[in-house]
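Here is the file target.pdb (PDB, C-alpha atoms).
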```pdb
ATOM      1  CA  MET D   1     -72.080  37.202 -66.081
ATOM      2  CA  PHE D   2     -75.210  39.222 -65.327
ATOM      3  CA  GLN D   3     -76.665  38.150 -61.978
ATOM      4  CA  ILE D   4     -79.555  38.423 -59.525
ATOM      5  CA  ASN D   5     -78.077  39.893 -56.387
ATOM      6  CA  GLY D   6     -74.912  41.746 -55.658
ATOM      7  CA  ASP D   7     -73.612  45.190 -54.908
ATOM      8  CA  LYS D   8     -74.642  48.229 -56.840
ATOM      9  CA  ASP D   9     -71.352  49.968 -57.656
ATOM     10  CA  SER D  10     -70.863  51.392 -61.130
ATOM     11  CA  LYS D  11     -67.966  49.095 -62.035
ATOM     12  CA  SER D  12     -70.023  45.942 -61.533
ATOM     13  CA  LYS D  13     -72.863  47.417 -63.567
ATOM     14  CA  LYS D  14     -70.563  48.279 -66.470
ATOM     15  CA  LYS D  15     -68.979  44.840 -66.381
ATOM     16  CA  ALA D  16     -72.412  43.189 -66.338
ATOM     17  CA  ALA D  17     -73.711  45.361 -69.169
ATOM     18  CA  LYS D  18     -70.845  44.251 -71.415
ATOM     19  CA  SER D  19     -71.371  40.560 -70.728
ATOM     20  CA  ASP D  20     -72.514  38.259 -73.539
ATOM     21  CA  SER D  21     -74.097  35.835 -71.072
ATOM     22  CA  ASN D  22     -77.870  35.424 -70.889
ATOM     23  CA  GLU D  23     -77.843  35.275 -67.097
ATOM     24  CA  THR D  24     -78.779  38.287 -64.992
ATOM     25  CA  LYS D  25     -78.546  39.242 -61.325
ATOM     26  CA  ALA D  26     -80.911  41.219 -59.096
ATOM     27  CA  GLU D  27     -79.407  43.564 -56.516
ATOM     28  CA  GLN D  28     -80.598  43.559 -52.939
ATOM     29  CA  SER D  29     -80.246  47.338 -52.495
ATOM     30  CA  ASP D  30     -82.617  48.326 -55.303
ATOM     31  CA  ASP D  31     -84.587  51.554 -54.680
ATOM     32  CA  SER D  32     -88.357  51.330 -54.110
ATOM     33  CA  ASP D  33     -90.749  53.922 -55.502
ATOM     34  CA  SER D  34     -91.262  55.379 -52.030
ATOM     35  CA  GLU D  35     -87.712  56.845 -51.979
ATOM     36  CA  LYS D  36     -87.353  60.592 -51.498
ATOM     37  CA  GLU D  37     -87.790  63.020 -54.377
ATOM     38  CA  GLU D  38     -84.045  63.587 -54.786
ATOM     39  CA  LYS D  39     -83.750  59.995 -56.032
ATOM     40  CA  SER D  40     -86.268  60.722 -58.774
ATOM     41  CA  LYS D  41     -84.323  63.763 -59.977
ATOM     42  CA  LYS D  42     -81.507  61.605 -61.279
ATOM     43  CA  LYS D  43     -81.327  61.177 -65.009
ATOM     44  CA  LYS D  44     -83.513  58.217 -65.900
ATOM     45  CA  GLY D  45     -83.903  55.789 -68.773
ATOM     46  CA  LYS D  46     -80.447  56.515 -70.203
ATOM     47  CA  GLY D  47     -78.945  53.062 -69.842
ATOM     48  CA  LYS D  48     -76.188  52.068 -72.200
ATOM     49  CA  LYS D  49     -77.296  50.863 -75.572
ATOM     50  CA  LYS D  50     -77.600  47.108 -75.529
ATOM     51  CA  LYS D  51     -77.549  44.610 -78.339
ATOM     52  CA  ASP D  52     -80.925  44.239 -80.032
ATOM     53  CA  ARG D  53     -83.464  41.967 -78.360
ATOM     54  CA  ALA D  54     -85.857  39.836 -80.367
ATOM     55  CA  PRO D  55     -89.109  41.805 -80.748
ATOM     56  CA  SER D  56     -92.572  40.518 -79.932
ATOM     57  CA  PRO D  57     -94.248  38.341 -82.559
ATOM     58  CA  GLU D  58     -96.766  40.180 -84.713
ATOM     59  CA  ILE D  59     -99.830  40.627 -82.513
ATOM     60  CA  GLU D  60    -102.889  42.429 -83.793
ATOM     61  CA  PHE D  61    -106.188  43.203 -82.093
ATOM     62  CA  ASP D  62    -109.272  45.299 -82.817
ATOM     63  CA  ASN D  63    -110.442  45.753 -79.223
ATOM     64  CA  LEU D  64    -107.765  46.792 -76.713
ATOM     65  CA  GLU D  65    -109.960  46.308 -73.641
ATOM     66  CA  LYS D  66    -110.788  42.765 -74.733
ATOM     67  CA  PHE D  67    -107.172  41.961 -75.609
ATOM     68  CA  VAL D  68    -105.684  42.959 -72.241
ATOM     69  CA  ILE D  69    -107.965  40.601 -70.283
ATOM     70  CA  GLU D  70    -107.721  37.621 -72.641
ATOM     71  CA  PRO D  71    -105.041  34.964 -72.016
ATOM     72  CA  ALA D  72    -102.024  35.065 -74.295
ATOM     73  CA  PRO D  73    -102.374  32.865 -77.392
ATOM     74  CA  GLN D  74    -101.059  29.386 -76.687
ATOM     75  CA  GLY D  75     -97.563  28.873 -78.019
ATOM     76  CA  VAL D  76     -96.877  32.632 -78.291
ATOM     77  CA  THR D  77     -94.686  34.652 -75.929
ATOM     78  CA  VAL D  78     -96.062  38.189 -75.764
ATOM     79  CA  LYS D  79     -92.990  40.412 -75.410
ATOM     80  CA  CYS D  80     -93.602  43.789 -73.791
ATOM     81  CA  ARG D  81     -91.895  46.697 -72.110
ATOM     82  CA  VAL D  82     -92.733  48.646 -68.936
ATOM     83  CA  THR D  83     -91.517  52.230 -68.588
ATOM     84  CA  ARG D  84     -91.618  54.271 -65.385
ATOM     85  CA  ASP D  85     -92.048  58.050 -65.454
ATOM     86  CA  GLN D  86     -90.852  59.752 -62.260
ATOM     87  CA  ARG D  87     -90.590  63.275 -63.660
ATOM     88  CA  GLY D  88     -92.574  66.035 -61.977
ATOM     89  CA  MET D  89     -93.337  67.293 -58.499
ATOM     90  CA  ASP D  90     -94.945  64.150 -57.055
ATOM     91  CA  LYS D  91     -93.911  61.388 -59.435
ATOM     92  CA  GLY D  92     -91.015  60.413 -57.207
ATOM     93  CA  PHE D  93     -93.719  59.070 -54.892
ATOM     94  CA  TYR D  94     -96.446  58.384 -57.476
ATOM     95  CA  PRO D  95     -94.774  57.433 -60.770
ATOM     96  CA  LEU D  96     -96.688  56.699 -63.937
ATOM     97  CA  TYR D  97     -96.166  53.288 -65.497
ATOM     98  CA  TYR D  98     -96.726  52.494 -69.170
ATOM     99  CA  PHE D  99     -97.035  49.056 -70.753
ATOM    100  CA  HIS D 100     -96.320  48.584 -74.479
ATOM    101  CA  LEU D 101     -95.749  45.706 -76.837
ATOM    102  CA  ASP D 102     -92.028  45.434 -77.512
ATOM    103  CA  ASN D 103     -92.456  45.782 -81.282
ATOM    104  CA  GLU D 104     -91.490  48.370 -83.874
ATOM    105  CA  LYS D 105     -94.708  50.325 -83.319
ATOM    106  CA  LYS D 106     -94.360  50.186 -79.498
ATOM    107  CA  THR D 107     -98.107  49.478 -79.368
ATOM    108  CA  PHE D 108     -99.632  50.908 -76.165
ATOM    109  CA  LEU D 109    -101.512  48.476 -73.933
ATOM    110  CA  LEU D 110    -101.961  49.823 -70.398
ATOM    111  CA  ALA D 111    -101.043  52.596 -67.972
ATOM    112  CA  GLY D 112    -101.033  52.506 -64.184
ATOM    113  CA  ARG D 113    -100.539  54.793 -61.213
ATOM    114  CA  LYS D 114    -100.784  54.505 -57.436
ATOM    115  CA  ARG D 115    -103.755  56.377 -55.989
ATOM    116  CA  LYS D 116    -103.124  59.081 -53.414
ATOM    117  CA  LYS D 117    -104.592  59.213 -49.903
ATOM    118  CA  CYS D 118    -105.374  55.486 -49.706
ATOM    119  CA  ALA D 119    -104.842  53.459 -46.531
ATOM    120  CA  THR D 120    -103.080  50.750 -48.520
ATOM    121  CA  SER D 121    -101.282  50.711 -51.861
ATOM    122  CA  ASN D 122    -103.911  50.963 -54.581
ATOM    123  CA  TYR D 123    -103.070  51.189 -58.288
ATOM    124  CA  LEU D 124    -105.501  52.115 -61.057
ATOM    125  CA  ILE D 125    -104.949  50.510 -64.463
ATOM    126  CA  SER D 126    -106.293  52.076 -67.664
ATOM    127  CA  ILE D 127    -106.287  51.468 -71.414
ATOM    128  CA  ASP D 128    -105.770  55.227 -71.916
ATOM    129  CA  SER D 129    -102.366  56.697 -71.080
ATOM    130  CA  THR D 130    -103.923  60.068 -70.191
ATOM    131  CA  ASP D 131    -107.026  58.921 -68.282
ATOM    132  CA  LEU D 132    -106.222  57.174 -65.021
ATOM    133  CA  SER D 133    -109.403  58.099 -63.143
ATOM    134  CA  ARG D 134    -111.485  55.560 -61.224
ATOM    135  CA  GLY D 135    -114.688  56.753 -62.855
ATOM    136  CA  GLY D 136    -113.338  56.969 -66.386
ATOM    137  CA  GLU D 137    -114.566  54.676 -69.124
ATOM    138  CA  ASN D 138    -110.997  53.539 -69.765
ATOM    139  CA  PHE D 139    -110.541  52.036 -66.298
ATOM    140  CA  VAL D 140    -109.973  48.271 -66.733
ATOM    141  CA  GLY D 141    -108.659  47.102 -63.382
ATOM    142  CA  LYS D 142    -106.874  47.810 -60.139
ATOM    143  CA  LEU D 143    -104.240  46.366 -57.841
ATOM    144  CA  ARG D 144    -104.738  46.564 -54.074
ATOM    145  CA  SER D 145    -102.393  45.551 -51.255
ATOM    146  CA  ASN D 146    -102.795  44.629 -47.622
ATOM    147  CA  LEU D 147    -101.485  46.918 -44.869
ATOM    148  CA  MET D 148     -98.030  45.310 -44.835
ATOM    149  CA  GLY D 149     -97.614  45.447 -48.597
ATOM    150  CA  THR D 150     -96.961  41.698 -48.718
ATOM    151  CA  LYS D 151    -100.196  40.549 -50.365
ATOM    152  CA  PHE D 152    -101.899  42.010 -53.440
ATOM    153  CA  THR D 153    -105.148  41.337 -55.289
ATOM    154  CA  VAL D 154    -105.845  42.208 -58.922
ATOM    155  CA  PHE D 155    -109.447  43.096 -59.859
ATOM    156  CA  ASP D 156    -111.150  43.844 -63.154
ATOM    157  CA  ASN D 157    -113.368  46.914 -63.621
ATOM    158  CA  ALA D 158    -116.766  45.474 -62.639
ATOM    159  CA  LEU D 159    -118.783  46.322 -59.523
ATOM    160  CA  ASN D 160    -118.013  45.736 -55.875
ATOM    161  CA  PRO D 161    -120.032  42.701 -54.642
ATOM    162  CA  ASP D 162    -122.038  44.980 -52.319
ATOM    163  CA  ARG D 163    -123.411  46.850 -55.351
ATOM    164  CA  ALA D 164    -123.740  43.924 -57.745
ATOM    165  CA  LEU D 165    -126.860  42.019 -58.820
ATOM    166  CA  PRO D 166    -127.983  39.114 -56.621
ATOM    167  CA  ASP D 167    -126.700  36.614 -59.185
ATOM    168  CA  MET D 168    -123.271  38.354 -59.147
ATOM    169  CA  SER D 169    -123.245  38.495 -62.951
ATOM    170  CA  ASN D 170    -121.954  42.092 -62.927
ATOM    171  CA  ALA D 171    -119.679  41.724 -59.891
ATOM    172  CA  ARG D 172    -115.962  42.262 -60.268
ATOM    173  CA  GLN D 173    -113.657  39.337 -60.885
ATOM    174  CA  GLU D 174    -110.495  38.669 -58.941
ATOM    175  CA  MET D 175    -107.871  38.234 -61.635
ATOM    176  CA  ALA D 176    -104.813  37.366 -59.535
ATOM    177  CA  GLY D 177    -103.295  37.282 -56.091
ATOM    178  CA  ILE D 178     -99.630  37.974 -55.322
ATOM    179  CA  VAL D 179     -97.982  36.942 -52.057
ATOM    180  CA  TYR D 180     -94.466  38.045 -51.097
ATOM    181  CA  GLU D 181     -92.790  35.935 -48.452
ATOM    182  CA  THR D 182     -92.174  37.931 -45.280
ATOM    183  CA  ASN D 183     -88.506  38.247 -44.374
ATOM    184  CA  VAL D 184     -88.828  37.832 -40.603
ATOM    185  CA  LEU D 185     -85.126  37.074 -40.071
ATOM    186  CA  GLY D 186     -83.822  39.964 -42.146
ATOM    187  CA  MET D 187     -81.689  37.608 -44.243
ATOM    188  CA  LYS D 188     -80.413  38.872 -47.573
ATOM    189  CA  GLY D 189     -81.417  37.035 -50.705
ATOM    190  CA  PRO D 190     -83.763  37.115 -53.701
ATOM    191  CA  ARG D 191     -87.409  37.908 -53.133
ATOM    192  CA  ARG D 192     -89.794  34.968 -52.930
ATOM    193  CA  MET D 193     -93.261  35.360 -54.361
ATOM    194  CA  THR D 194     -96.315  33.241 -55.136
ATOM    195  CA  VAL D 195     -98.860  34.167 -57.802
ATOM    196  CA  ILE D 196    -102.366  32.696 -57.846
ATOM    197  CA  ILE D 197    -104.586  33.081 -60.905
ATOM    198  CA  PRO D 198    -107.983  31.608 -61.826
ATOM    199  CA  GLY D 199    -107.842  28.315 -63.683
ATOM    200  CA  MET D 200    -108.937  27.631 -67.270
ATOM    201  CA  ASP D 201    -111.915  25.572 -68.457
ATOM    202  CA  LYS D 202    -111.911  22.927 -71.204
ATOM    203  CA  ASN D 203    -112.336  25.689 -73.816
ATOM    204  CA  ASN D 204    -109.217  27.462 -72.527
ATOM    205  CA  ASP D 205    -111.315  30.296 -71.102
ATOM    206  CA  ARG D 206    -110.653  31.739 -67.653
ATOM    207  CA  VAL D 207    -112.949  30.455 -64.903
ATOM    208  CA  PRO D 208    -114.669  33.561 -63.406
ATOM    209  CA  LEU D 209    -113.952  34.167 -59.731
ATOM    210  CA  ARG D 210    -116.470  36.591 -58.198
ATOM    211  CA  PRO D 211    -116.354  36.194 -54.398
ATOM    212  CA  ARG D 212    -119.269  37.544 -52.404
ATOM    213  CA  SER D 213    -117.119  38.199 -49.356
ATOM    214  CA  GLU D 214    -113.508  38.360 -48.235
ATOM    215  CA  LEU D 215    -113.822  34.832 -46.846
ATOM    216  CA  ASP D 216    -114.219  33.504 -50.364
ATOM    217  CA  SER D 217    -111.518  35.684 -51.885
ATOM    218  CA  LEU D 218    -108.715  34.274 -53.966
ATOM    219  CA  LEU D 219    -106.078  34.890 -51.281
ATOM    220  CA  ILE D 220    -108.149  33.287 -48.495
ATOM    221  CA  ARG D 221    -108.960  30.293 -50.687
ATOM    222  CA  HIS D 222    -105.245  29.884 -51.372
ATOM    223  CA  GLN D 223    -104.392  30.300 -47.696
ATOM    224  CA  ASN D 224    -106.879  27.533 -46.815
ATOM    225  CA  ARG D 225    -105.668  25.383 -49.732
ATOM    226  CA  ARG D 226    -109.050  25.457 -51.446
ATOM    227  CA  MET D 227    -107.439  25.285 -54.858
ATOM    228  CA  ASP D 228    -110.390  24.301 -57.068
ATOM    229  CA  ASN D 229    -110.136  26.257 -60.342
ATOM    230  CA  LEU D 230    -106.990  28.034 -59.160
ATOM    231  CA  ILE D 231    -103.448  27.911 -60.555
ATOM    232  CA  GLU D 232    -100.517  28.434 -58.190
ATOM    233  CA  LEU D 233     -97.321  29.854 -59.671
ATOM    234  CA  GLN D 234     -94.025  30.791 -58.039
ATOM    235  CA  ASN D 235     -90.928  32.749 -58.860
ATOM    236  CA  LYS D 236     -88.170  30.513 -60.177
ATOM    237  CA  THR D 237     -85.432  29.984 -57.615
ATOM    238  CA  PRO D 238     -82.181  31.600 -58.797
ATOM    239  CA  VAL D 239     -78.970  29.572 -58.831
ATOM    240  CA  TRP D 240     -75.974  30.681 -56.765
ATOM    241  CA  ASN D 241     -72.919  31.387 -58.911
ATOM    242  CA  GLU D 242     -69.578  31.115 -57.170
ATOM    243  CA  ASP D 243     -67.652  33.109 -59.792
ATOM    244  CA  SER D 244     -69.849  36.196 -59.455
ATOM    245  CA  SER D 245     -70.874  35.572 -55.810
ATOM    246  CA  SER D 246     -74.494  36.163 -56.733
ATOM    247  CA  HIS D 247     -77.769  34.480 -57.640
ATOM    248  CA  VAL D 248     -78.420  34.140 -61.375
ATOM    249  CA  LEU D 249     -81.318  33.439 -63.759
ATOM    250  CA  ASN D 250     -81.263  32.895 -67.510
ATOM    251  CA  PHE D 251     -83.386  35.570 -69.232
ATOM    252  CA  ASN D 252     -82.143  34.675 -72.728
ATOM    253  CA  GLY D 253     -80.888  38.200 -73.342
ATOM    254  CA  ARG D 254     -84.167  39.930 -72.472
ATOM    255  CA  VAL D 255     -82.801  41.430 -69.223
ATOM    256  CA  THR D 256     -79.508  43.312 -69.088
ATOM    257  CA  GLN D 257     -79.219  45.047 -65.694
ATOM    258  CA  ALA D 258     -79.100  43.814 -62.120
ATOM    259  CA  SER D 259     -82.158  44.483 -59.956
ATOM    260  CA  ILE D 260     -83.996  42.976 -57.019
ATOM    261  CA  LYS D 261     -87.075  43.319 -59.228
ATOM    262  CA  ASN D 262     -85.854  40.775 -61.809
ATOM    263  CA  PHE D 263     -87.884  37.566 -61.632
ATOM    264  CA  GLN D 264     -89.398  34.660 -63.559
ATOM    265  CA  ILE D 265     -92.764  33.064 -62.765
ATOM    266  CA  VAL D 266     -93.168  29.319 -63.347
ATOM    267  CA  HIS D 267     -95.415  26.418 -62.355
ATOM    268  CA  SER D 268     -93.837  24.128 -59.758
ATOM    269  CA  LYS D 269     -94.581  21.109 -61.957
ATOM    270  CA  ASP D 270     -92.906  22.576 -65.043
ATOM    271  CA  LEU D 271     -89.978  24.851 -64.205
ATOM    272  CA  GLY D 272     -89.016  25.080 -67.858
ATOM    273  CA  TYR D 273     -92.255  26.833 -68.871
ATOM    274  CA  ILE D 274     -91.906  30.504 -67.984
ATOM    275  CA  VAL D 275     -95.378  32.013 -67.584
ATOM    276  CA  MET D 276     -93.939  35.485 -67.034
ATOM    277  CA  GLN D 277     -90.544  37.131 -66.735
ATOM    278  CA  PHE D 278     -89.687  40.695 -65.770
ATOM    279  CA  GLY D 279     -86.408  42.556 -65.528
ATOM    280  CA  ARG D 280     -84.498  45.788 -65.895
ATOM    281  CA  ILE D 281     -82.805  46.983 -69.088
ATOM    282  CA  ALA D 282     -82.319  50.661 -68.078
ATOM    283  CA  ASP D 283     -82.935  52.826 -65.008
ATOM    284  CA  ASP D 284     -86.653  53.182 -65.750
ATOM    285  CA  ILE D 285     -87.210  50.614 -68.504
ATOM    286  CA  PHE D 286     -88.058  46.950 -67.968
ATOM    287  CA  THR D 287     -88.938  44.055 -70.242
ATOM    288  CA  LEU D 288     -92.006  41.980 -69.407
ATOM    289  CA  ASP D 289     -92.821  38.788 -71.322
ATOM    290  CA  TYR D 290     -95.848  36.616 -70.618
ATOM    291  CA  ASN D 291     -97.372  33.380 -71.874
ATOM    292  CA  TYR D 292    -100.654  31.463 -71.663
ATOM    293  CA  PRO D 293    -102.636  31.333 -69.398
ATOM    294  CA  MET D 294    -101.668  34.847 -68.236
ATOM    295  CA  CYS D 295    -103.153  38.019 -69.733
ATOM    296  CA  ALA D 296    -101.733  41.525 -70.078
ATOM    297  CA  LEU D 297    -103.718  42.922 -67.139
ATOM    298  CA  GLN D 298    -102.490  40.190 -64.802
ATOM    299  CA  ALA D 299     -98.879  40.513 -65.956
ATOM    300  CA  PHE D 300     -98.804  44.320 -65.687
ATOM    301  CA  ALA D 301    -100.400  44.258 -62.232
ATOM    302  CA  ILE D 302     -97.852  41.704 -61.005
ATOM    303  CA  ALA D 303     -95.092  43.999 -62.263
ATOM    304  CA  LEU D 304     -96.672  46.972 -60.447
ATOM    305  CA  SER D 305     -96.707  44.961 -57.220
ATOM    306  CA  SER D 306     -92.946  44.444 -57.544
ATOM    307  CA  PHE D 307     -92.376  48.228 -57.619
ATOM    308  CA  ASP D 308     -94.302  48.811 -54.423
ATOM    309  CA  GLY D 309     -92.267  49.180 -51.218
ATOM    310  CA  LYS D 310     -92.352  46.040 -49.053
ATOM    311  CA  ILE D 311     -90.553  46.757 -45.786
ATOM    312  CA  ALA D 312     -91.466  43.344 -44.351
ATOM    313  CA  CYS D 313     -89.905  41.507 -47.292
ATOM    314  CA  GLU D 314     -86.631  43.333 -47.937
TER     315      GLU D 314
END
```
Any chance you could put this one into structure tokens?
Amino acid sequence: MFQINGDKDSKSKKKAAKSDSNETKAEQSDDSDSEKEEKSKKKKGKGKKKKDRAPSPEIEFDNLEKFVIEPAPQGVTVKCRVTRDQRGMDKGFYPLYYFHLDNEKKTFLLAGRKRKKCATSNYLISIDSTDLSRGGENFVGKLRSNLMGTKFTVFDNALNPDRALPDMSNARQEMAGIVYETNVLGMKGPRRMTVIIPGMDKNNDRVPLRPRSELDSLLIRHQNRRMDNLIELQNKTPVWNEDSSSHVLNFNGRVTQASIKNFQIVHSKDLGYIVMQFGRIADDIFTLDYNYPMCALQAFAIALSSFDGKIACE
């Protein structure tokens, strides 16, 4: 049985990789991207060949920038893959992340990288795999954390409210908030996270959220339980398995290796509807599947937040 937490020795990994079960574990000793460079020099992305996973349904689009911010089509699971590139002098600390459709063409969607010399974790997200500059025309969004690395906000590429028009029509939107529960007791166990995204209107379009100040931000509104036009999602609680002495989740074959980063996002009122799931299939390769009302930008940014080191949560 493949599980959600357990030890990291090679024998347990090999046993889990050979399992025919759909359940997967996440280890508690998983490396964060802030590990020293010697960690990044290990051979990456060479996991054992696994049985074929069902590819993403045929998804076509003419405008990539428009596609990545639109909600997934209702009734369609968009199946994707995230790859992490840690090769090079500084990529052990600042890896590149690539987001592709998990189809035969491996259609590119997004790329992301943590910015250097920032007070808090700050990731730029681009629709060009070679242009990850803040001023580039391919910049579509960013992910920013608080000082503790426990709370994250996802923005689109519009203007800061201080530079926007008085009517806020060209101000940036807050696309999502991610909150990781602080582990104040130091107890081992799966991560706990809450995801907040803007709600949908009667036409199934996202309700724009353009706060003028921090007091009206998505995270503060959630903190104060001002939930108008907001959707609160949570990671699905894993089940403890006595046989494997670990927590397990059913990924239906889409995840094949243990990692603390493996998770599923659901609505508390419908635990059977998985809005997003993310998990490891090789050292630097992860599957990411998302459903309505989430979009590619939101899903990728949530995945990036899971890579970031969170000392207060581990």
Discussion item. Between atom CA of D:Asp270 and atom CA of D:Asp201, what is the distance in Å, rounded to a tenth?
Written reply: 19.5 Å
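Compared by their closest atoms to D:Arg115, and using all atoms listed in the file, the residues D:Ile178, D:Leu233, D:Val255, D:Leu143 rank with D:Leu143 nearest.
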Item to complete: For stretch 64-76 of chain D, please output as a PyMOL selection string all residues within 10 Å (counting all atoms listed in the file; exclusion window: fewer than 5 positions along the same chain).
Response: chain D and resi 56-59+108-110+126-128+138-141+156+175+200+204-206+275+290-300
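Restricting the calculation to all atoms listed in the file, the smallest distance between D:Pro238 and any of D:Thr83, D:Asn262, D:Gln257, D:Asn252 is found for D:Asn262.
Across the chains present, the PyMOL selection byres ((chain D and resi 289) around 6) applied to this file returns Val78, Lys79, Cys80, Met276, Gln277, Leu288 and Tyr290 of chain D.
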Limited to C-alpha atoms, could you put the picked residues into a file as a PDB file, in the frame of the given file?
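So the final result, stored in result_32.pdb, reads:
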```pdb
ATOM      1  CA  VAL D  78     -96.062  38.189 -75.764  1.00  0.00           C
ATOM      2  CA  LYS D  79     -92.990  40.412 -75.410  1.00  0.00           C
ATOM      3  CA  CYS D  80     -93.602  43.789 -73.791  1.00  0.00           C
ATOM      4  CA  MET D 276     -93.939  35.485 -67.034  1.00  0.00           C
ATOM      5  CA  GLN D 277     -90.544  37.131 -66.735  1.00  0.00           C
ATOM      6  CA  LEU D 288     -92.006  41.980 -69.407  1.00  0.00           C
ATOM      7  CA  TYR D 290     -95.848  36.616 -70.618  1.00  0.00           C
TER       8      TYR D 290
END
```
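Among D:Ser169, D:Arg163, D:Gly199, D:Gln234, the residue with the shortest atom-to-atom distance to D:Glu181, counting all atoms listed in the file, is D:Gln234.
Taking atom CA of D:Val207 and atom CA of D:Gly149 as the two end points, the separation is 26.9 Å.
Residue nearest D:Lys114, chosen from D:Gln264, D:Ser145, D:Thr256, D:Thr24 and counting all atoms listed in the file: D:Ser145.
The interatomic distance for the pair atom CA of D:Arg225 and atom CA of D:Leu159 works out to 26.6 Å.
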Could I get stretch 260-271 of chain D rebuilt with N, CA, C and O atoms, written as a CSV table (one decimal), keeping the file's coordinate frame?
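New file rebuild.csv:
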```
chain,number,residue,atom,x,y,z
D,260,ILE,N,-83.2,43.8,-57.9
D,260,ILE,CA,-84.0,43.0,-57.0
D,260,ILE,C,-85.4,42.7,-57.6
D,260,ILE,O,-86.0,41.7,-57.3
D,261,LYS,N,-85.8,43.5,-58.6
D,261,LYS,CA,-87.1,43.3,-59.2
D,261,LYS,C,-87.1,42.3,-60.4
D,261,LYS,O,-88.1,41.9,-60.9
D,262,ASN,N,-85.9,41.8,-60.7
D,262,ASN,CA,-85.9,40.8,-61.8
D,262,ASN,C,-86.4,39.4,-61.3
D,262,ASN,O,-86.0,38.9,-60.3
D,263,PHE,N,-87.3,38.9,-62.1
D,263,PHE,CA,-87.9,37.6,-61.6
D,263,PHE,C,-88.5,36.8,-62.8
D,263,PHE,O,-88.8,37.4,-63.9
D,264,GLN,N,-88.7,35.5,-62.6
D,264,GLN,CA,-89.4,34.7,-63.6
D,264,GLN,C,-90.5,33.9,-62.8
D,264,GLN,O,-90.2,33.4,-61.7
D,265,ILE,N,-91.6,33.8,-63.4
D,265,ILE,CA,-92.8,33.1,-62.8
D,265,ILE,C,-93.0,31.7,-63.5
D,265,ILE,O,-93.1,31.7,-64.7
D,266,VAL,N,-93.0,30.6,-62.8
D,266,VAL,CA,-93.2,29.3,-63.3
D,266,VAL,C,-94.2,28.5,-62.5
D,266,VAL,O,-94.5,28.9,-61.4
D,267,HIS,N,-94.6,27.4,-63.1
D,267,HIS,CA,-95.4,26.4,-62.4
D,267,HIS,C,-94.5,25.4,-61.7
D,267,HIS,O,-93.5,25.0,-62.4
D,268,SER,N,-94.8,25.0,-60.5
D,268,SER,CA,-93.8,24.1,-59.8
D,268,SER,C,-93.7,22.8,-60.5
D,268,SER,O,-92.7,22.1,-60.3
D,269,LYS,N,-94.7,22.4,-61.3
D,269,LYS,CA,-94.6,21.1,-62.0
D,269,LYS,C,-93.9,21.2,-63.3
D,269,LYS,O,-93.7,20.2,-64.0
D,270,ASP,N,-93.6,22.4,-63.8
D,270,ASP,CA,-92.9,22.6,-65.0
D,270,ASP,C,-92.0,23.8,-65.0
D,270,ASP,O,-92.4,24.9,-65.4
D,271,LEU,N,-90.9,23.7,-64.4
D,271,LEU,CA,-90.0,24.9,-64.2
D,271,LEU,C,-89.4,25.4,-65.5
D,271,LEU,O,-88.9,26.5,-65.6
```
